[in-house]
Amino acid sequence: MKKLFLMLALVLPLAAGAQKFGYINTQELFAQMPELAKVRAQMDTLNSTYESQLANMQEELNKKVADYQQNQATLTDGVKQFRQQEMAEMEQRIQLFYQTAQQDIQKKQQEYLAPLQDRMLKAIQAVGTNNGFTYIFDAGAMVYTSPDATNVMDMVKAELGIK
């Protein structure tokens, strides 16, 4: 029953009249958006900040480990245990910091890219509406493209002001 309904949903619009189909490679278009360079720069800055902090934390841990190893023979059991616990806690803080940084980087990337994706989608919709397309498909997901389908890349780039 579901298959019949799906087939009718696909066939009925085709029977209603001539359809105009377009396609675009959204990944290629997205890569050409000039705003992407700004997003990459922001992400590089954010990555550098986290990498620097992580390196400082790791360096501090390495110093403590080296100091512990150098003085291990002269330390009492209580001091050894205290320093081992201190180093283990530092390792845990580094791991937690790394995980938090990764989450923050992903969140920021989504935050920075969302306006670009929205702008691209609105331009595709505008081209579809202004040029009478029934559907515009993403070329990256298509298996076959009919010669009757129109590549709307240049129209969308013009809508976005990309040369």
# chains A, B, ... in the order shown; residues from 1 in each chain; ligands from 1
call {"tool": "residues_around", "arguments": {"residues": "Leu160 in chain A", "least_positions_apart": "3", "cutoff": "10 Å", "atoms": "only C-alpha atoms", "output": "PyMOL selection string"}}
result
chain A and resi 29+33-34+119-120+122-124+154-157+163
call {"tool": "residues_around", "arguments": {"residues": "Ala41 in chain A", "least_positions_apart": "6", "cutoff": "12 Å", "atoms": "only C-alpha atoms", "output": "PyMOL selection string"}}
result
chain A and resi 34-35+47-48+109+112
call {"tool": "write_last_selection", "arguments": {"atoms": "all heavy atoms", "output": "PDB file, in the first residue's frame"}}
result
ATOM      1  N   PRO A  34      32.658  33.119  -1.220  1.00  0.00           N
ATOM      2  CA  PRO A  34      33.779  33.894  -0.671  1.00  0.00           C
ATOM      3  C   PRO A  34      33.785  33.976   0.858  1.00  0.00           C
ATOM      4  O   PRO A  34      34.846  34.089   1.458  1.00  0.00           O
ATOM      5  CB  PRO A  34      33.602  35.285  -1.292  1.00  0.00           C
ATOM      6  CG  PRO A  34      32.299  35.290  -1.987  1.00  0.00           C
ATOM      7  CD  PRO A  34      31.794  33.895  -2.076  1.00  0.00           C
ATOM      8  N   GLU A  35      32.626  33.876   1.476  1.00  0.00           N
ATOM      9  CA  GLU A  35      32.536  33.955   2.937  1.00  0.00           C
ATOM     10  C   GLU A  35      33.212  32.773   3.617  1.00  0.00           C
ATOM     11  O   GLU A  35      33.545  32.837   4.792  1.00  0.00           O
ATOM     12  CB  GLU A  35      31.080  34.012   3.397  1.00  0.00           C
ATOM     13  CG  GLU A  35      30.297  35.180   2.889  1.00  0.00           C
ATOM     14  CD  GLU A  35      29.506  34.849   1.623  1.00  0.00           C
ATOM     15  OE1 GLU A  35      29.961  34.003   0.811  1.00  0.00           O
ATOM     16  OE2 GLU A  35      28.442  35.451   1.445  1.00  0.00           O
ATOM     17  N   ASN A  47      41.128  26.963  16.519  1.00  0.00           N
ATOM     18  CA  ASN A  47      41.953  25.752  16.650  1.00  0.00           C
ATOM     19  C   ASN A  47      43.312  26.086  17.256  1.00  0.00           C
ATOM     20  O   ASN A  47      43.803  25.359  18.123  1.00  0.00           O
ATOM     21  CB  ASN A  47      42.139  25.076  15.294  1.00  0.00           C
ATOM     22  CG  ASN A  47      40.939  24.261  14.882  1.00  0.00           C
ATOM     23  OD1 ASN A  47      40.240  23.693  15.708  1.00  0.00           O
ATOM     24  ND2 ASN A  47      40.688  24.209  13.587  1.00  0.00           N
ATOM     25  N   SER A  48      43.927  27.157  16.802  1.00  0.00           N
ATOM     26  CA  SER A  48      45.245  27.558  17.315  1.00  0.00           C
ATOM     27  C   SER A  48      45.186  27.875  18.808  1.00  0.00           C
ATOM     28  O   SER A  48      46.096  27.522  19.558  1.00  0.00           O
ATOM     29  CB  SER A  48      45.767  28.773  16.551  1.00  0.00           C
ATOM     30  OG  SER A  48      46.020  28.437  15.217  1.00  0.00           O
ATOM     31  N   GLN A 109      31.868  25.666  14.439  1.00  0.00           N
ATOM     32  CA  GLN A 109      31.870  25.439  13.004  1.00  0.00           C
ATOM     33  C   GLN A 109      30.429  25.448  12.475  1.00  0.00           C
ATOM     34  O   GLN A 109      30.145  26.075  11.458  1.00  0.00           O
ATOM     35  CB  GLN A 109      32.553  24.119  12.668  1.00  0.00           C
ATOM     36  CG  GLN A 109      32.654  23.868  11.179  1.00  0.00           C
ATOM     37  CD  GLN A 109      33.459  22.624  10.863  1.00  0.00           C
ATOM     38  OE1 GLN A 109      33.748  21.802  11.731  1.00  0.00           O
ATOM     39  NE2 GLN A 109      33.835  22.487   9.618  1.00  0.00           N
ATOM     40  N   TYR A 112      29.178  29.053  12.543  1.00  0.00           N
ATOM     41  CA  TYR A 112      29.748  29.889  11.497  1.00  0.00           C
ATOM     42  C   TYR A 112      29.230  29.512  10.106  1.00  0.00           C
ATOM     43  O   TYR A 112      29.077  30.368   9.238  1.00  0.00           O
ATOM     44  CB  TYR A 112      31.275  29.788  11.485  1.00  0.00           C
ATOM     45  CG  TYR A 112      31.970  30.367  12.696  1.00  0.00           C
ATOM     46  CD1 TYR A 112      33.219  29.880  13.084  1.00  0.00           C
ATOM     47  CD2 TYR A 112      31.418  31.373  13.461  1.00  0.00           C
ATOM     48  CE1 TYR A 112      33.883  30.393  14.188  1.00  0.00           C
ATOM     49  CE2 TYR A 112      32.071  31.888  14.579  1.00  0.00           C
ATOM     50  CZ  TYR A 112      33.301  31.395  14.931  1.00  0.00           C
ATOM     51  OH  TYR A 112      33.960  31.896  16.021  1.00  0.00           O
TER      52      TYR A 112
END
call {"tool": "closest_residue", "arguments": {"among": "A:Ala139, A:Val127, A:Val79, A:Met57", "to": "Ala158 in chain A", "atoms": "only C-alpha atoms"}}
result
A:Val127
call {"tool": "select_by_dssp", "arguments": {"residues": "chain A", "states": "helix (DSSP H, G or I)", "output": "PyMOL selection string"}}
result
chain A and resi 2-15+26-32+35-74+77-130+139-141+153-160
call {"tool": "closest_residue", "arguments": {"among": "A:Glu60, A:Tyr50, A:Val65, A:Met153", "to": "Glu28 in chain A", "atoms": "only C-alpha atoms"}}
result
A:Met153
call {"tool": "residues_around", "arguments": {"residues": "Lys108 in chain A", "least_positions_apart": "2", "cutoff": "12 Å", "atoms": "only C-alpha atoms", "output": "short mmCIF file (atom, residue, chain, number, x, y, z; two decimals) with N, CA and C atoms, in the first residue's frame"}}
result
data_model
loop_
_atom_site.label_atom_id
_atom_site.label_comp_id
_atom_site.auth_asym_id
_atom_site.auth_seq_id
_atom_site.Cartn_x
_atom_site.Cartn_y
_atom_site.Cartn_z
N VAL A 39 35.28 32.10 7.39
CA VAL A 39 34.95 31.03 8.34
C VAL A 39 36.19 30.18 8.61
N ARG A 40 36.93 29.87 7.55
CA ARG A 40 38.15 29.08 7.74
C ARG A 40 39.15 29.82 8.61
N GLN A 42 38.47 32.04 10.94
CA GLN A 42 37.95 32.01 12.31
C GLN A 42 38.20 30.65 12.95
N MET A 43 37.97 29.60 12.18
CA MET A 43 38.19 28.25 12.70
C MET A 43 39.68 28.00 12.95
N ASP A 44 40.54 28.49 12.08
CA ASP A 44 41.98 28.34 12.30
C ASP A 44 42.42 29.03 13.58
N THR A 45 41.88 30.23 13.82
CA THR A 45 42.21 30.97 15.04
C THR A 45 41.74 30.21 16.27
N LEU A 46 40.52 29.71 16.21
CA LEU A 46 39.99 28.95 17.34
C LEU A 46 40.81 27.69 17.59
N ASN A 47 41.13 26.96 16.52
CA ASN A 47 41.95 25.75 16.65
C ASN A 47 43.31 26.09 17.26
N ALA A 101 37.15 21.04 24.06
CA ALA A 101 37.62 21.83 22.92
C ALA A 101 37.03 21.27 21.62
N GLN A 102 37.02 19.96 21.47
CA GLN A 102 36.47 19.35 20.26
C GLN A 102 34.99 19.68 20.11
N GLN A 103 34.26 19.61 21.20
CA GLN A 103 32.83 19.94 21.17
C GLN A 103 32.62 21.41 20.82
N ASP A 104 33.43 22.27 21.41
CA ASP A 104 33.30 23.69 21.14
C ASP A 104 33.65 24.00 19.69
N ILE A 105 34.68 23.36 19.17
CA ILE A 105 35.07 23.58 17.78
C ILE A 105 33.95 23.16 16.84
N GLN A 106 33.34 22.01 17.09
CA GLN A 106 32.23 21.55 16.26
C GLN A 106 31.04 22.51 16.34
N GLN A 110 29.55 24.78 13.17
CA GLN A 110 28.14 24.78 12.77
C GLN A 110 27.56 26.19 12.84
N GLU A 111 27.92 26.92 13.88
CA GLU A 111 27.43 28.28 14.06
C GLU A 111 27.92 29.19 12.93
N TYR A 112 29.18 29.05 12.54
CA TYR A 112 29.75 29.89 11.50
C TYR A 112 29.23 29.51 10.11
N LEU A 113 28.99 28.21 9.87
CA LEU A 113 28.58 27.75 8.55
C LEU A 113 27.08 27.89 8.30
N ALA A 114 26.28 27.92 9.34
CA ALA A 114 24.83 27.99 9.19
C ALA A 114 24.37 29.18 8.33
#
call {"tool": "closest_residue", "arguments": {"among": "A:Gln32, A:Asn25, A:Ser52, A:Gln99", "to": "Ile162 in chain A", "atoms": "only C-alpha atoms"}}
result
A:Gln32
call {"tool": "residues_around", "arguments": {"residues": "Ser146 in chain A", "least_positions_apart": "5", "cutoff": "12 Å", "atoms": "only C-alpha atoms", "output": "PyMOL selection string"}}
result
chain A and resi 20-23+137+139+151
call {"tool": "residues_around", "arguments": {"residues": "Asp67 in chain A", "least_positions_apart": "6", "cutoff": "12 Å", "atoms": "only C-alpha atoms", "output": "NGL selection string"}}
result
:A and (60-61 or 73-75 or 80 or 83-84 or 87)
call {"tool": "select_by_dssp", "arguments": {"residues": "chain A", "states": "strand (DSSP E)", "output": "ChimeraX atom specification"}}
result
/A:21-24,135-138,150-151
call {"tool": "write_last_selection", "arguments": {"atoms": "N, CA, C and O atoms", "output": "PDB file, in the first residue's frame"}}
result
ATOM      1  N   PHE A  21      13.096  20.568 -14.437  1.00  0.00           N
ATOM      2  CA  PHE A  21      14.011  20.055 -13.437  1.00  0.00           C
ATOM      3  C   PHE A  21      15.363  20.730 -13.570  1.00  0.00           C
ATOM      4  O   PHE A  21      15.846  20.951 -14.682  1.00  0.00           O
ATOM      5  N   GLY A  22      15.957  21.012 -12.434  1.00  0.00           N
ATOM      6  CA  GLY A  22      17.305  21.566 -12.409  1.00  0.00           C
ATOM      7  C   GLY A  22      18.161  20.793 -11.436  1.00  0.00           C
ATOM      8  O   GLY A  22      17.664  20.026 -10.619  1.00  0.00           O
ATOM      9  N   TYR A  23      19.456  20.993 -11.547  1.00  0.00           N
ATOM     10  CA  TYR A  23      20.372  20.345 -10.622  1.00  0.00           C
ATOM     11  C   TYR A  23      21.542  21.272 -10.359  1.00  0.00           C
ATOM     12  O   TYR A  23      21.842  22.172 -11.145  1.00  0.00           O
ATOM     13  N   ILE A  24      22.172  21.048  -9.223  1.00  0.00           N
ATOM     14  CA  ILE A  24      23.317  21.863  -8.818  1.00  0.00           C
ATOM     15  C   ILE A  24      24.192  21.032  -7.895  1.00  0.00           C
ATOM     16  O   ILE A  24      23.681  20.199  -7.140  1.00  0.00           O
ATOM     17  N   TYR A 135      11.575  21.223  -9.518  1.00  0.00           N
ATOM     18  CA  TYR A 135      12.522  20.645  -8.575  1.00  0.00           C
ATOM     19  C   TYR A 135      13.929  21.066  -8.968  1.00  0.00           C
ATOM     20  O   TYR A 135      14.241  21.180 -10.154  1.00  0.00           O
ATOM     21  N   ILE A 136      14.757  21.266  -7.964  1.00  0.00           N
ATOM     22  CA  ILE A 136      16.197  21.405  -8.176  1.00  0.00           C
ATOM     23  C   ILE A 136      16.845  20.372  -7.269  1.00  0.00           C
ATOM     24  O   ILE A 136      16.659  20.392  -6.063  1.00  0.00           O
ATOM     25  N   PHE A 137      17.584  19.471  -7.879  1.00  0.00           N
ATOM     26  CA  PHE A 137      18.217  18.375  -7.157  1.00  0.00           C
ATOM     27  C   PHE A 137      19.686  18.678  -6.913  1.00  0.00           C
ATOM     28  O   PHE A 137      20.306  19.436  -7.661  1.00  0.00           O
ATOM     29  N   ASP A 138      20.235  18.027  -5.905  1.00  0.00           N
ATOM     30  CA  ASP A 138      21.671  18.130  -5.647  1.00  0.00           C
ATOM     31  C   ASP A 138      22.373  17.115  -6.537  1.00  0.00           C
ATOM     32  O   ASP A 138      22.108  15.919  -6.460  1.00  0.00           O
ATOM     33  N   THR A 150      18.364  20.990 -16.240  1.00  0.00           N
ATOM     34  CA  THR A 150      19.190  22.188 -16.390  1.00  0.00           C
ATOM     35  C   THR A 150      20.152  22.313 -15.225  1.00  0.00           C
ATOM     36  O   THR A 150      19.739  22.223 -14.069  1.00  0.00           O
ATOM     37  N   ASN A 151      21.406  22.544 -15.537  1.00  0.00           N
ATOM     38  CA  ASN A 151      22.393  22.831 -14.493  1.00  0.00           C
ATOM     39  C   ASN A 151      22.195  24.289 -14.092  1.00  0.00           C
ATOM     40  O   ASN A 151      22.419  25.197 -14.886  1.00  0.00           O
TER      41      ASN A 151
END
call {"tool": "atom_distance", "arguments": {"atom1": "CA of Thr76 in chain A", "atom2": "CA of Glu91 in chain A"}}
result
22.6 Å
